[in-house]
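What follows is a set of notes on a single structure, which appears directly below.
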Amino acid sequence: MRASRVMIAVSLALLASVLFVASDHAHAEVIDRIVATVNGRVILQSDLDEALCYEALLTNRTLGQLSDDDRRSVLDRLIDQELLREQMKSADFPHATDAEVAARVAEARKLYPQAASSGAWQSLLTQYHLTEKDLLTHVRQEIDVMRLVDARLRPAVEIDSKSIEAYYRDQFVPKLKQSGASAAPLAEVSAKIRELLTEQKVSELLVSWLQTLRSESQVRLPGVTPSSNDPGVRSQ
């Protein structure tokens with residue numbers, strides 16, 4: 001009789017454990033809902049939440065200070081990153097090394113004098129619900145994306161001397177005069193202007209490339225009405 005009671009107690013305990021796990025799993029599914037899919041790859045609410053925390057950290061704001069536009073921009077950036085991550089599979093470029101990522105994070109830490117010590121830095125990350133590993137992952141991805149874009153788009157950019165001269169005459173010199181500084185000779189700033197114009201052109205090409213990738217992809221946002229400006233976005 002006693003053995004029978006023990007078996008019943010064990011069975012009830014196991015049943016309670018199973019129900020708890022099932023309940024916890026169901027609760028997790030409600031919280032970690034799908035916010036977007038990109039060619040079948042799911043972007044979860046938890047992915048968006050982490051990206052929002054990273055955005056708040058970078059811009060030195062609290063999560064509550066992020067507007068609805070900020071949140072949509074972060075989601076758009078996650079979608080773009082996924083589209084570009086697919087392009088990395090067939091691209092040839094040097095991926096970020098552990099040392100490069102660590103160096104970039106160390107440089108970023110200098111922007112937060114209140115987190116100079118290791119303990120204070122960890123405390124700051126905790127405030128934003130981030131870990132050191134989360135930060136390293138985001139920085140690595142950013143480096144890889146920038147290198148992909150450079151490898152894909154920069155070779156197509158050509159800046160001629162007339163464009164440099166026009167920028168120097170129409171924008172560079174007027175801005176210096178407006179600030180009260182004396183104008184530097186064109187020869188001294190030509191290389192900087194060329195790089196600036198190159199970056200601007202790469203940015204323009206990137207916008208066009210992403211628009212093309214979206215139009216050729218299956219991007220779905222549950223419950224969002226697609227915009228004519230985003231032909232690749234579909235609602236569910």
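Residue names in the structure tokens use chain letters A, B, ... in the order shown, residue numbers from 1 in each chain, and ligand numbers from 1 in the order shown.
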
Segment 57-60 of chain A surroundings by only C-alpha atoms, 12 Å radius, close-in-sequence under 6 positions cut, as a PyMOL selection string: chain A and resi 50-51+66+70+105+108-109+111-112+114+121+124-131+135+138-139

Backbone-only DSSP, helix (DSSP H, G or I) members of segment 74-153 of chain A, as a PyMOL selection string: chain A and resi 74-88+98-109+113-115+118-127+132-153

Selection: 12 Å around segment 140-149 of chain A, only C-alpha atoms, excl. self and same-chain fewer than 6 positions, as a ChimeraX atom specification: /A:77-78,80-105,133-134,155-156,199,201-207,209-210

Contacts of segment 169-176 of chain A at 10 Å (only C-alpha atoms; same-chain gap of 5+ positions) as an MDAnalysis selection string: chainID A and resid 163:164 181:186 189 193

Spatial neighbours of Ile159 of chain A, 7 Å, only C-alpha atoms, chain gap at least 2 places, as a count of residues only: 5

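Computed from the coordinates, the atom CA of Arg71 of chain A to atom CA of Ala120 of chain A distance equals 27.4 Å.
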